[in-house]
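Below is run-v3.pdb, holding PDB, C-alpha atoms.
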ATOM      1  CA  MET A  61     139.853 108.688 111.649
ATOM      2  CA  THR A  62     138.671 105.131 111.057
ATOM      3  CA  ASP A  63     139.501 103.251 107.882
ATOM      4  CA  THR A  64     136.518 101.500 106.321
ATOM      5  CA  LEU A  65     136.417  98.478 104.079
ATOM      6  CA  ASP A  66     134.387  99.118 100.933
ATOM      7  CA  GLN A  67     131.695  96.610  99.931
ATOM      8  CA  THR A  68     133.539  95.308  96.842
ATOM      9  CA  THR A  69     136.674  94.534  98.835
ATOM     10  CA  LEU A  70     134.608  92.919 101.568
ATOM     11  CA  LEU A  71     132.791  90.663  99.096
ATOM     12  CA  LYS A  72     136.034  89.606  97.430
ATOM     13  CA  SER A  73     137.470  88.797 100.841
ATOM     14  CA  LEU A  74     134.510  86.584 101.742
ATOM     15  CA  SER A  75     134.646  84.635  98.476
ATOM     16  CA  ARG A  76     138.308  83.613  98.765
ATOM     17  CA  GLY A  77     139.028  79.930  99.123
ATOM     18  CA  GLY A  78     135.850  78.550  97.646
ATOM     19  CA  GLU A  79     133.948  78.231  94.439
ATOM     20  CA  LEU A  80     130.756  80.252  94.315
ATOM     21  CA  ASP A  81     127.528  78.544  93.293
ATOM     22  CA  PRO A  82     125.875  81.018  90.890
ATOM     23  CA  PHE A  83     122.312  79.666  91.192
ATOM     24  CA  MET A  84     120.829  82.115  93.696
ATOM     25  CA  GLY A  85     122.319  85.224  92.113
ATOM     26  CA  ASN A  86     121.608  88.529  93.843
ATOM     27  CA  VAL A  87     119.442  89.452  96.800
ATOM     28  CA  VAL A  88     116.619  91.604  95.448
ATOM     29  CA  GLU A  89     114.223  91.745  98.384
ATOM     30  CA  VAL A  90     113.890  91.340 102.138
ATOM     31  CA  ALA A  91     110.366  90.781 103.439
ATOM     32  CA  ILE A  92     108.750  91.224 106.825
ATOM     33  CA  VAL A  93     105.486  89.540 107.818
ATOM     34  CA  THR A  94     103.385  91.762 110.046
ATOM     35  CA  ARG A  95      99.970  91.853 111.701
ATOM     36  CA  ASP A  96      99.780  95.622 111.105
ATOM     37  CA  HIS A  97     101.357  96.933 107.901
ATOM     38  CA  GLN A  98     100.570 100.538 108.841
ATOM     39  CA  ARG A  99     102.504 100.344 112.130
ATOM     40  CA  THR A 100     105.402  98.563 110.447
ATOM     41  CA  MET A 101     105.593 101.112 107.611
ATOM     42  CA  GLU A 102     105.588 103.965 110.125
ATOM     43  CA  GLY A 103     108.476 102.416 112.064
ATOM     44  CA  LEU A 104     110.525 101.693 108.954
ATOM     45  CA  TRP A 105     109.846 105.212 107.653
ATOM     46  CA  ARG A 106     111.369 106.563 110.884
ATOM     47  CA  LEU A 107     114.505 104.529 109.992
ATOM     48  CA  GLY A 108     114.575 106.103 106.530
ATOM     49  CA  ILE A 109     113.011 103.214 104.587
ATOM     50  CA  GLY A 110     110.264 104.358 102.238
ATOM     51  CA  PRO A 111     108.133 105.845 100.777
ATOM     52  CA  TRP A 112     105.807 102.865 100.541
ATOM     53  CA  GLN A 113     103.290 101.689  97.956
ATOM     54  CA  ILE A 114     100.423  99.562  99.295
ATOM     55  CA  TYR A 115      98.651  96.851  97.278
ATOM     56  CA  ASN A 116      96.081  94.147  97.838
ATOM     57  CA  PHE A 117      96.941  90.759  96.331
ATOM     58  CA  GLY A 118      93.990  88.415  95.935
ATOM     59  CA  PRO A 119      92.118  86.263  93.430
ATOM     60  CA  HIS A 120      90.921  89.436  91.658
ATOM     61  CA  ASN A 121      94.485  90.336  90.538
ATOM     62  CA  THR A 122      96.715  87.340  91.343
ATOM     63  CA  GLU A 123      96.349  84.263  89.150
ATOM     64  CA  ASN A 124      97.612  80.702  89.622
ATOM     65  CA  GLN A 125      97.519  80.955  93.411
ATOM     66  CA  THR A 126      98.879  77.863  95.118
ATOM     67  CA  TYR A 127      99.523  76.720  98.659
ATOM     68  CA  ARG A 128     101.674  73.630  99.291
ATOM     69  CA  GLY A 129     101.295  72.434  95.699
ATOM     70  CA  LYS A 130      97.522  72.790  95.379
ATOM     71  CA  PRO A 131      95.336  75.586  94.002
ATOM     72  CA  SER A 132      94.302  77.826  96.877
ATOM     73  CA  ALA A 133      92.990  81.382  96.897
ATOM     74  CA  PHE A 134      94.605  83.799  99.351
ATOM     75  CA  GLU A 135      94.609  87.514 100.047
ATOM     76  CA  LEU A 136      97.442  89.689 101.342
ATOM     77  CA  THR A 137      98.177  93.344 101.918
ATOM     78  CA  VAL A 138     101.593  93.841 100.332
ATOM     79  CA  CYS A 139     103.704  96.993 100.655
ATOM     80  CA  PHE A 140     106.869  97.854  98.720
ATOM     81  CA  ALA A 141     109.665 100.366  99.275
ATOM     82  CA  GLN A 142     112.949 100.732  97.443
ATOM     83  CA  SER A 143     116.234 100.986  99.322
ATOM     84  CA  GLY A 144     119.243 101.297  97.027
ATOM     85  CA  ASN A 145     119.094  98.380  94.608
ATOM     86  CA  MET A 146     116.909  96.295  96.905
ATOM     87  CA  ILE A 147     113.178  96.135  97.687
ATOM     88  CA  TRP A 148     111.685  95.997 101.162
ATOM     89  CA  GLU A 149     108.376  94.159 101.277
ATOM     90  CA  LEU A 150     105.755  93.966 104.026
ATOM     91  CA  MET A 151     103.161  91.217 103.955
ATOM     92  CA  GLU A 152     100.033  91.120 106.079
ATOM     93  CA  PRO A 153      97.702  88.136 105.635
ATOM     94  CA  VAL A 154      94.073  89.219 105.295
ATOM     95  CA  SER A 155      91.987  87.591 108.003
ATOM     96  CA  GLY A 156      89.543  85.000 106.715
ATOM     97  CA  SER A 157      91.268  84.440 103.383
ATOM     98  CA  GLY A 158      92.814  81.133 102.355
ATOM     99  CA  PRO A 159      95.832  79.528 104.002
ATOM    100  CA  THR A 160      99.238  81.148 103.567
ATOM    101  CA  ILE A 161     102.785  80.511 104.703
ATOM    102  CA  PHE A 162     102.688  84.078 106.037
ATOM    103  CA  ALA A 163      99.831  83.399 108.462
ATOM    104  CA  GLU A 164     101.645  80.216 109.543
ATOM    105  CA  PHE A 165     104.792  82.251 110.207
ATOM    106  CA  LEU A 166     102.860  84.710 112.383
ATOM    107  CA  GLU A 167     101.362  81.838 114.390
ATOM    108  CA  ARG A 168     104.726  80.093 114.910
ATOM    109  CA  HIS A 169     107.161  82.986 115.234
ATOM    110  CA  GLY A 170     105.248  86.251 115.492
ATOM    111  CA  GLU A 171     106.185  89.203 113.333
ATOM    112  CA  GLY A 172     109.564  89.549 111.698
ATOM    113  CA  ILE A 173     111.704  88.908 108.667
ATOM    114  CA  HIS A 174     110.078  86.056 106.782
ATOM    115  CA  HIS A 175     111.945  85.667 103.524
ATOM    116  CA  VAL A 176     114.709  86.826 101.252
ATOM    117  CA  ALA A 177     114.193  86.925  97.480
ATOM    118  CA  TYR A 178     116.910  86.246  94.920
ATOM    119  CA  ASP A 179     117.011  86.913  91.175
ATOM    120  CA  CYS A 180     118.612  83.525  90.332
ATOM    121  CA  ASN A 181     120.758  85.365  87.784
ATOM    122  CA  ASN A 182     117.649  85.949  85.671
ATOM    123  CA  ILE A 183     117.370  82.379  84.403
ATOM    124  CA  PRO A 184     113.860  81.539  83.116
ATOM    125  CA  PHE A 185     111.291  81.223  85.899
ATOM    126  CA  GLU A 186     110.443  77.564  85.210
ATOM    127  CA  GLU A 187     114.154  76.685  85.419
ATOM    128  CA  ARG A 188     114.361  78.385  88.820
ATOM    129  CA  ILE A 189     111.509  76.290  90.174
ATOM    130  CA  ALA A 190     113.050  73.130  88.711
ATOM    131  CA  GLU A 191     116.441  73.932  90.274
ATOM    132  CA  PHE A 192     114.971  74.571  93.744
ATOM    133  CA  THR A 193     113.140  71.237  93.399
ATOM    134  CA  ARG A 194     116.293  69.464  92.200
ATOM    135  CA  ARG A 195     118.057  70.783  95.309
ATOM    136  CA  GLY A 196     115.333  69.254  97.495
ATOM    137  CA  PHE A 197     113.139  72.295  98.244
ATOM    138  CA  LYS A 198     109.391  72.052  97.635
ATOM    139  CA  LEU A 199     107.231  74.897  96.413
ATOM    140  CA  ALA A 200     105.340  76.370  99.380
ATOM    141  CA  GLN A 201     103.265  79.188  97.869
ATOM    142  CA  SER A 202     103.073  80.844  94.466
ATOM    143  CA  GLY A 203     101.082  83.068  92.166
ATOM    144  CA  SER A 204     101.170  85.526  89.292
ATOM    145  CA  TRP A 205     100.359  89.116  90.217
ATOM    146  CA  LEU A 206      98.469  90.749  87.348
ATOM    147  CA  GLY A 207      99.329  87.621  85.356
ATOM    148  CA  LYS A 208     102.859  88.946  84.753
ATOM    149  CA  ASN A 209     104.848  89.051  88.014
ATOM    150  CA  HIS A 210     105.401  85.366  88.812
ATOM    151  CA  PHE A 211     106.521  84.590  92.372
ATOM    152  CA  ALA A 212     107.391  81.393  94.219
ATOM    153  CA  PHE A 213     108.285  80.661  97.844
ATOM    154  CA  PHE A 214     110.075  77.472  98.830
ATOM    155  CA  GLU A 215     110.160  75.171 101.865
ATOM    156  CA  THR A 216     113.678  76.130 102.943
ATOM    157  CA  GLU A 217     113.048  77.114 106.559
ATOM    158  CA  HIS A 218     113.927  73.769 108.151
ATOM    159  CA  GLU A 219     117.339  73.614 106.478
ATOM    160  CA  THR A 220     118.233  77.329 106.442
ATOM    161  CA  THR A 221     116.079  78.921 109.187
ATOM    162  CA  THR A 222     114.337  81.185 106.654
ATOM    163  CA  CYS A 223     112.135  81.052 103.586
ATOM    164  CA  PHE A 224     113.534  81.844 100.137
ATOM    165  CA  GLU A 225     111.612  83.376  97.249
ATOM    166  CA  THR A 226     112.281  84.054  93.619
ATOM    167  CA  TYR A 227     110.207  86.195  91.302
ATOM    168  CA  ILE A 228     110.314  87.545  87.807
ATOM    169  CA  PHE A 229     108.955  90.671  86.171
ATOM    170  CA  PRO A 230     108.602  91.066  82.407
ATOM    171  CA  ASP A 231     110.848  93.631  80.734
ATOM    172  CA  ASP A 232     107.901  95.968  80.116
ATOM    173  CA  TRP A 233     106.666  95.864  83.750
ATOM    174  CA  GLU A 234     105.266  99.006  85.303
ATOM    175  CA  TYR A 235     103.809  98.970  88.798
ATOM    176  CA  PRO A 236     100.076  99.651  88.754
ATOM    177  CA  GLU A 237      98.594 102.530  90.682
ATOM    178  CA  PRO A 238      98.761 101.456  94.350
ATOM    179  CA  ASP A 239      95.789 101.155  96.659
ATOM    180  CA  GLY A 240      97.587 103.555  98.995
ATOM    181  CA  TYR A 241     100.842 105.299  99.873
ATOM    182  CA  TYR A 242     102.832 105.873 103.023
ATOM    183  CA  PRO A 243     103.415 108.585 103.835
ATOM    184  CA  PRO A 244     100.118 109.636 102.269
ATOM    185  CA  ARG A 245     100.416 111.811  99.202
ATOM    186  CA  PRO A 246      99.029 115.352  99.427
TER     187      PRO A 246
END

Could you render the structure as structure tokens?
Amino acid sequence: MTDTLDQTTLLKSLSRGGELDPFMGNVVEVAIVTRDHQRTMEGLWRLGIGPWQIYNFGPHNTENQTYRGKPSAFELTVCFAQSGNMIWELMEPVSGSGPTIFAEFLERHGEGIHHVAYDCNNIPFEERIAEFTRRGFKLAQSGSWLGKNHFAFFETEHETTTCFETYIFPDDWEYPEPDGYYPPRP
């Protein structure tokens, strides 16, 4: 029989000897950029991740869209699945829509994990953006899905090898009816 180290003990062990910076808070999401969300959902479903809800984000439902600090319309197919206390997200840029950091990632790296989202210990959204900026990271892309779910991605890839996101949902948030499901509902 093999002894296993529980997660709490492991985390305490890793934090010994240093002061933790509380800014980032907890991981709430891992996101994959893909050229084919359907194929990626099917593969992740085979690993036990899902079911999935599929949405289209675009100017019709996502306000305040920005790209590299300037207003810029974009469209994405975005899929969500819950795994424990974390969200998996798939993002597929819609061909012919405005520029996105997701399309750039596909061109430079191909498909794969693009970003990790943190809750920043639930500090107000504007304070999160200000703190990323204070730490030297520029806003790369942002928007407000349904005018309520504010999200922001930062230029962290050069220094950390990945992109970081933070987002906030209001307390009364309920996901809207998705554009589709995987696996399909009967």

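Proximity to Gly240 in chain A was assessed for A:Asn209, A:Thr126, A:Gln113, A:Asn181 counting all atoms listed in the file; the smallest distance is recorded for A:Gln113.
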
Which residues are near Gly207 in chain A? Cut-off 9 Å, only C-alpha atoms, ignore same chain within fewer than 4 positions. Put them as a PyMOL selection string. chain A and resi 121-124+203

Given the choices A:Trp205, A:Trp105, A:Phe192, A:Phe197, which gets closest to Glu135 in chain A if the distance is worked out from all atoms listed in the file?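 Once distances to Glu135 in chain A are computed over all atoms listed in the file, the minimum belongs to A:Trp205.
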
Just want the 12 Å neighbourhood of Pro184 in chain A, counted on all atoms listed in the file, with same-chain residues fewer than 6 positions away dropped. Output as a list in words.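 Counting all atoms listed in the file, the residues come to Phe83, Ala190, Glu191, His210, Thr226, Tyr227, Ile228, Phe229 and Pro230 of chain A.
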
Translate the PyMOL selection byres ((chain A and resi 149) around 12) into a concrete residue list for this structure, as JSON, numbers by chain. {"A": [88, 89, 90, 91, 92, 93, 94, 97, 100, 101, 104, 109, 110, 111, 112, 113, 114, 115, 136, 137, 138, 139, 140, 141, 142, 143, 146, 147, 148, 150, 151, 152, 172, 173, 174, 175, 176, 177, 225]}

The selected residues should be written to file as an mmCIF file, keeping the file's coordinate frame (atoms: C-alpha atoms).
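Final output, part.cif:
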data_model
loop_
_atom_site.group_PDB
_atom_site.id
_atom_site.type_symbol
_atom_site.label_atom_id
_atom_site.label_comp_id
_atom_site.auth_asym_id
_atom_site.auth_seq_id
_atom_site.Cartn_x
_atom_site.Cartn_y
_atom_site.Cartn_z
ATOM 1 C CA VAL A 88 116.619 91.604 95.448
ATOM 2 C CA GLU A 89 114.223 91.745 98.384
ATOM 3 C CA VAL A 90 113.890 91.340 102.138
ATOM 4 C CA ALA A 91 110.366 90.781 103.439
ATOM 5 C CA ILE A 92 108.750 91.224 106.825
ATOM 6 C CA VAL A 93 105.486 89.540 107.818
ATOM 7 C CA THR A 94 103.385 91.762 110.046
ATOM 8 C CA HIS A 97 101.357 96.933 107.901
ATOM 9 C CA THR A 100 105.402 98.563 110.447
ATOM 10 C CA MET A 101 105.593 101.112 107.611
ATOM 11 C CA LEU A 104 110.525 101.693 108.954
ATOM 12 C CA ILE A 109 113.011 103.214 104.587
ATOM 13 C CA GLY A 110 110.264 104.358 102.238
ATOM 14 C CA PRO A 111 108.133 105.845 100.777
ATOM 15 C CA TRP A 112 105.807 102.865 100.541
ATOM 16 C CA GLN A 113 103.290 101.689 97.956
ATOM 17 C CA ILE A 114 100.423 99.562 99.295
ATOM 18 C CA TYR A 115 98.651 96.851 97.278
ATOM 19 C CA LEU A 136 97.442 89.689 101.342
ATOM 20 C CA THR A 137 98.177 93.344 101.918
ATOM 21 C CA VAL A 138 101.593 93.841 100.332
ATOM 22 C CA CYS A 139 103.704 96.993 100.655
ATOM 23 C CA PHE A 140 106.869 97.854 98.720
ATOM 24 C CA ALA A 141 109.665 100.366 99.275
ATOM 25 C CA GLN A 142 112.949 100.732 97.443
ATOM 26 C CA SER A 143 116.234 100.986 99.322
ATOM 27 C CA MET A 146 116.909 96.295 96.905
ATOM 28 C CA ILE A 147 113.178 96.135 97.687
ATOM 29 C CA TRP A 148 111.685 95.997 101.162
ATOM 30 C CA LEU A 150 105.755 93.966 104.026
ATOM 31 C CA MET A 151 103.161 91.217 103.955
ATOM 32 C CA GLU A 152 100.033 91.120 106.079
ATOM 33 C CA GLY A 172 109.564 89.549 111.698
ATOM 34 C CA ILE A 173 111.704 88.908 108.667
ATOM 35 C CA HIS A 174 110.078 86.056 106.782
ATOM 36 C CA HIS A 175 111.945 85.667 103.524
ATOM 37 C CA VAL A 176 114.709 86.826 101.252
ATOM 38 C CA ALA A 177 114.193 86.925 97.480
ATOM 39 C CA GLU A 225 111.612 83.376 97.249
#

I'd like to know which of A:Phe224, A:Thr160, A:Gln98, A:Leu107 is closest to Tyr241 in chain A, using only C-alpha atoms.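 The shortest atom-to-atom distance to Tyr241 in chain A comes from A:Gln98.
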
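Interatomic distance, CA of Thr216 in chain A to CA of Asn116 in chain A: 25.7 Å.
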
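With distances restricted to all atoms listed in the file, A:Gly196 is the closest residue to His218 in chain A from A:Pro246, A:Gly158, A:Gly196, A:Pro82.
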
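Coordinates place CA of His120 in chain A at a distance of 16.5 Å from CA of Ser155 in chain A.
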
Take the PyMOL selection byres ((chain A and resi 213) around 8), run it mentally on this structure, and tell me the resulting residues as a PyMOL selection string. chain A and resi 199-202+211-212+214-215+223-226

Option closest in space to Leu166 in chain A, from A:Lys130, A:Tyr235, A:Arg95, A:Pro244 [counting all atoms listed in the file]: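 Smallest separation from Leu166 in chain A among the options: A:Arg95.
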
What is the CA of Phe162 in chain A-CA of Thr222 in chain A distance in Å, reported with one decimal?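 Answer for the CA of Phe162 in chain A to CA of Thr222 in chain A separation: 12.0 Å.
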
With distances taken over only C-alpha atoms, which residue among A:Gly170, A:Ser204, A:Pro243, A:Asp81 lies nearest Gly108 in chain A?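 When distances to Gly108 in chain A are compared using only C-alpha atoms, the smallest one comes from A:Pro243.
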
Please enumerate the residues selected by the PyMOL selection byres ((chain A and resi 133) around 8) when evaluated against the supplied file, formatted as a list in words.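 Output from the PyMOL selection byres ((chain A and resi 133) around 8), applied to this file: Gly118, Pro119, Gln125, Thr126, Pro131, Ser132, Phe134, Glu135, Ser157, Gly158 and Pro159 of chain A.
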
Using the structure block above, produce a file of range 72-187 of chain A that contains C-alpha atoms, as a PDB file, in the first residue's frame.
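Resulting contents of selection19.pdb:
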ATOM      1  CA  LYS A  72       1.537  23.792   3.524  1.00  0.00           C
ATOM      2  CA  SER A  73       4.805  22.092   2.644  1.00  0.00           C
ATOM      3  CA  LEU A  74       5.269  24.234  -0.466  1.00  0.00           C
ATOM      4  CA  SER A  75       4.597  27.499   1.372  1.00  0.00           C
ATOM      5  CA  ARG A  76       7.225  26.986   4.086  1.00  0.00           C
ATOM      6  CA  GLY A  77      10.108  29.414   4.149  1.00  0.00           C
ATOM      7  CA  GLY A  78       8.512  32.289   2.312  1.00  0.00           C
ATOM      8  CA  GLU A  79       5.844  34.896   2.601  1.00  0.00           C
ATOM      9  CA  LEU A  80       2.920  34.397   0.257  1.00  0.00           C
ATOM     10  CA  ASP A  81       1.779  37.292  -1.912  1.00  0.00           C
ATOM     11  CA  PRO A  82      -2.036  37.217  -1.649  1.00  0.00           C
ATOM     12  CA  PHE A  83      -2.771  39.210  -4.827  1.00  0.00           C
ATOM     13  CA  MET A  84      -3.537  36.400  -7.272  1.00  0.00           C
ATOM     14  CA  GLY A  85      -5.701  34.399  -4.883  1.00  0.00           C
ATOM     15  CA  ASN A  86      -7.087  31.111  -6.181  1.00  0.00           C
ATOM     16  CA  VAL A  87      -6.963  29.445  -9.573  1.00  0.00           C
ATOM     17  CA  VAL A  88     -10.523  29.406 -10.894  1.00  0.00           C
ATOM     18  CA  GLU A  89     -10.034  28.429 -14.526  1.00  0.00           C
ATOM     19  CA  VAL A  90      -7.689  26.780 -17.005  1.00  0.00           C
ATOM     20  CA  ALA A  91      -8.302  27.598 -20.663  1.00  0.00           C
ATOM     21  CA  ILE A  92      -7.346  25.896 -23.897  1.00  0.00           C
ATOM     22  CA  VAL A  93      -7.309  27.673 -27.262  1.00  0.00           C
ATOM     23  CA  THR A  94      -8.405  25.384 -30.067  1.00  0.00           C
ATOM     24  CA  ARG A  95      -9.159  25.469 -33.786  1.00  0.00           C
ATOM     25  CA  ASP A  96     -11.976  22.939 -33.276  1.00  0.00           C
ATOM     26  CA  HIS A  97     -13.943  23.195 -30.029  1.00  0.00           C
ATOM     27  CA  GLN A  98     -16.029  20.134 -30.906  1.00  0.00           C
ATOM     28  CA  ARG A  99     -12.973  17.868 -31.261  1.00  0.00           C
ATOM     29  CA  THR A 100     -11.432  19.268 -28.087  1.00  0.00           C
ATOM     30  CA  MET A 101     -14.641  18.796 -26.073  1.00  0.00           C
ATOM     31  CA  GLU A 102     -14.923  15.205 -27.292  1.00  0.00           C
ATOM     32  CA  GLY A 103     -11.356  14.434 -26.206  1.00  0.00           C
ATOM     33  CA  LEU A 104     -11.756  16.065 -22.804  1.00  0.00           C
ATOM     34  CA  TRP A 105     -15.082  14.270 -22.303  1.00  0.00           C
ATOM     35  CA  ARG A 106     -13.234  10.969 -22.825  1.00  0.00           C
ATOM     36  CA  LEU A 107     -10.941  12.054 -19.939  1.00  0.00           C
ATOM     37  CA  GLY A 108     -13.973  12.720 -17.742  1.00  0.00           C
ATOM     38  CA  ILE A 109     -14.103  16.516 -18.130  1.00  0.00           C
ATOM     39  CA  GLY A 110     -17.593  17.782 -18.898  1.00  0.00           C
ATOM     40  CA  PRO A 111     -20.459  18.101 -19.653  1.00  0.00           C
ATOM     41  CA  TRP A 112     -19.883  21.265 -21.654  1.00  0.00           C
ATOM     42  CA  GLN A 113     -21.945  24.386 -22.296  1.00  0.00           C
ATOM     43  CA  ILE A 114     -21.226  26.191 -25.576  1.00  0.00           C
ATOM     44  CA  TYR A 115     -21.615  29.954 -26.074  1.00  0.00           C
ATOM     45  CA  ASN A 116     -20.854  32.541 -28.711  1.00  0.00           C
ATOM     46  CA  PHE A 117     -19.208  35.725 -27.428  1.00  0.00           C
ATOM     47  CA  GLY A 118     -19.437  38.680 -29.790  1.00  0.00           C
ATOM     48  CA  PRO A 119     -20.519  42.310 -30.037  1.00  0.00           C
ATOM     49  CA  HIS A 120     -24.168  41.203 -29.712  1.00  0.00           C
ATOM     50  CA  ASN A 121     -23.640  40.010 -26.098  1.00  0.00           C
ATOM     51  CA  THR A 122     -20.172  41.188 -25.010  1.00  0.00           C
ATOM     52  CA  GLU A 123     -19.740  44.891 -24.298  1.00  0.00           C
ATOM     53  CA  ASN A 124     -16.598  46.994 -23.850  1.00  0.00           C
ATOM     54  CA  GLN A 125     -14.526  44.741 -26.100  1.00  0.00           C
ATOM     55  CA  THR A 126     -10.887  45.769 -26.249  1.00  0.00           C
ATOM     56  CA  TYR A 127      -7.722  44.503 -27.876  1.00  0.00           C
ATOM     57  CA  ARG A 128      -4.338  45.874 -26.761  1.00  0.00           C
ATOM     58  CA  GLY A 129      -5.934  48.896 -25.088  1.00  0.00           C
ATOM     59  CA  LYS A 130      -8.218  49.976 -27.931  1.00  0.00           C
ATOM     60  CA  PRO A 131     -11.882  49.253 -28.667  1.00  0.00           C
ATOM     61  CA  SER A 132     -12.073  46.260 -30.981  1.00  0.00           C
ATOM     62  CA  ALA A 133     -14.942  43.907 -31.754  1.00  0.00           C
ATOM     63  CA  PHE A 134     -14.184  40.180 -31.662  1.00  0.00           C
ATOM     64  CA  GLU A 135     -16.094  36.919 -31.747  1.00  0.00           C
ATOM     65  CA  LEU A 136     -15.278  33.638 -30.016  1.00  0.00           C
ATOM     66  CA  THR A 137     -16.861  30.262 -29.444  1.00  0.00           C
ATOM     67  CA  VAL A 138     -16.434  29.682 -25.714  1.00  0.00           C
ATOM     68  CA  CYS A 139     -17.172  26.405 -23.923  1.00  0.00           C
ATOM     69  CA  PHE A 140     -17.307  25.814 -20.164  1.00  0.00           C
ATOM     70  CA  ALA A 141     -17.165  22.691 -18.005  1.00  0.00           C
ATOM     71  CA  GLN A 142     -16.869  22.389 -14.251  1.00  0.00           C
ATOM     72  CA  SER A 143     -14.272  20.131 -12.655  1.00  0.00           C
ATOM     73  CA  GLY A 144     -14.356  20.214  -8.859  1.00  0.00           C
ATOM     74  CA  ASN A 145     -14.054  23.850  -7.827  1.00  0.00           C
ATOM     75  CA  MET A 146     -12.447  24.882 -11.105  1.00  0.00           C
ATOM     76  CA  ILE A 147     -13.725  25.742 -14.597  1.00  0.00           C
ATOM     77  CA  TRP A 148     -12.289  24.402 -17.832  1.00  0.00           C
ATOM     78  CA  GLU A 149     -12.706  26.796 -20.737  1.00  0.00           C
ATOM     79  CA  LEU A 150     -12.231  26.251 -24.470  1.00  0.00           C
ATOM     80  CA  MET A 151     -11.834  29.228 -26.766  1.00  0.00           C
ATOM     81  CA  GLU A 152     -12.046  29.112 -30.540  1.00  0.00           C
ATOM     82  CA  PRO A 153     -11.595  32.395 -32.425  1.00  0.00           C
ATOM     83  CA  VAL A 154     -14.276  32.878 -35.078  1.00  0.00           C
ATOM     84  CA  SER A 155     -12.661  33.299 -38.476  1.00  0.00           C
ATOM     85  CA  GLY A 156     -13.019  36.778 -39.930  1.00  0.00           C
ATOM     86  CA  SER A 157     -13.816  38.507 -36.649  1.00  0.00           C
ATOM     87  CA  GLY A 158     -11.593  41.150 -35.081  1.00  0.00           C
ATOM     88  CA  PRO A 159      -8.102  40.542 -33.725  1.00  0.00           C
ATOM     89  CA  THR A 160      -7.692  38.462 -30.575  1.00  0.00           C
ATOM     90  CA  ILE A 161      -4.854  37.221 -28.413  1.00  0.00           C
ATOM     91  CA  PHE A 162      -6.338  33.755 -28.961  1.00  0.00           C
ATOM     92  CA  ALA A 163      -5.870  33.839 -32.739  1.00  0.00           C
ATOM     93  CA  GLU A 164      -2.325  35.141 -32.166  1.00  0.00           C
ATOM     94  CA  PHE A 165      -1.644  32.216 -29.827  1.00  0.00           C
ATOM     95  CA  LEU A 166      -2.836  29.719 -32.445  1.00  0.00           C
ATOM     96  CA  GLU A 167      -0.571  31.305 -35.066  1.00  0.00           C
ATOM     97  CA  ARG A 168       2.503  31.318 -32.789  1.00  0.00           C
ATOM     98  CA  HIS A 169       2.088  28.140 -30.758  1.00  0.00           C
ATOM     99  CA  GLY A 170      -0.752  26.068 -32.181  1.00  0.00           C
ATOM    100  CA  GLU A 171      -3.438  24.678 -29.920  1.00  0.00           C
ATOM    101  CA  GLY A 172      -2.963  24.254 -26.204  1.00  0.00           C
ATOM    102  CA  ILE A 173      -3.323  25.751 -22.767  1.00  0.00           C
ATOM    103  CA  HIS A 174      -3.471  29.505 -23.235  1.00  0.00           C
ATOM    104  CA  HIS A 175      -4.261  31.016 -19.867  1.00  0.00           C
ATOM    105  CA  VAL A 176      -4.984  30.506 -16.211  1.00  0.00           C
ATOM    106  CA  ALA A 177      -7.568  32.667 -14.435  1.00  0.00           C
ATOM    107  CA  TYR A 178      -7.335  33.753 -10.808  1.00  0.00           C
ATOM    108  CA  ASP A 179      -9.953  35.267  -8.498  1.00  0.00           C
ATOM    109  CA  CYS A 180      -7.541  37.853  -7.000  1.00  0.00           C
ATOM    110  CA  ASN A 181      -9.164  37.161  -3.628  1.00  0.00           C
ATOM    111  CA  ASN A 182     -12.340  38.845  -4.874  1.00  0.00           C
ATOM    112  CA  ILE A 183     -11.000  42.393  -4.668  1.00  0.00           C
ATOM    113  CA  PRO A 184     -12.985  44.850  -6.839  1.00  0.00           C
ATOM    114  CA  PHE A 185     -12.387  44.365 -10.561  1.00  0.00           C
ATOM    115  CA  GLU A 186     -10.925  47.841 -11.159  1.00  0.00           C
ATOM    116  CA  GLU A 187      -8.410  47.246  -8.347  1.00  0.00           C
TER     117      GLU A 187
END
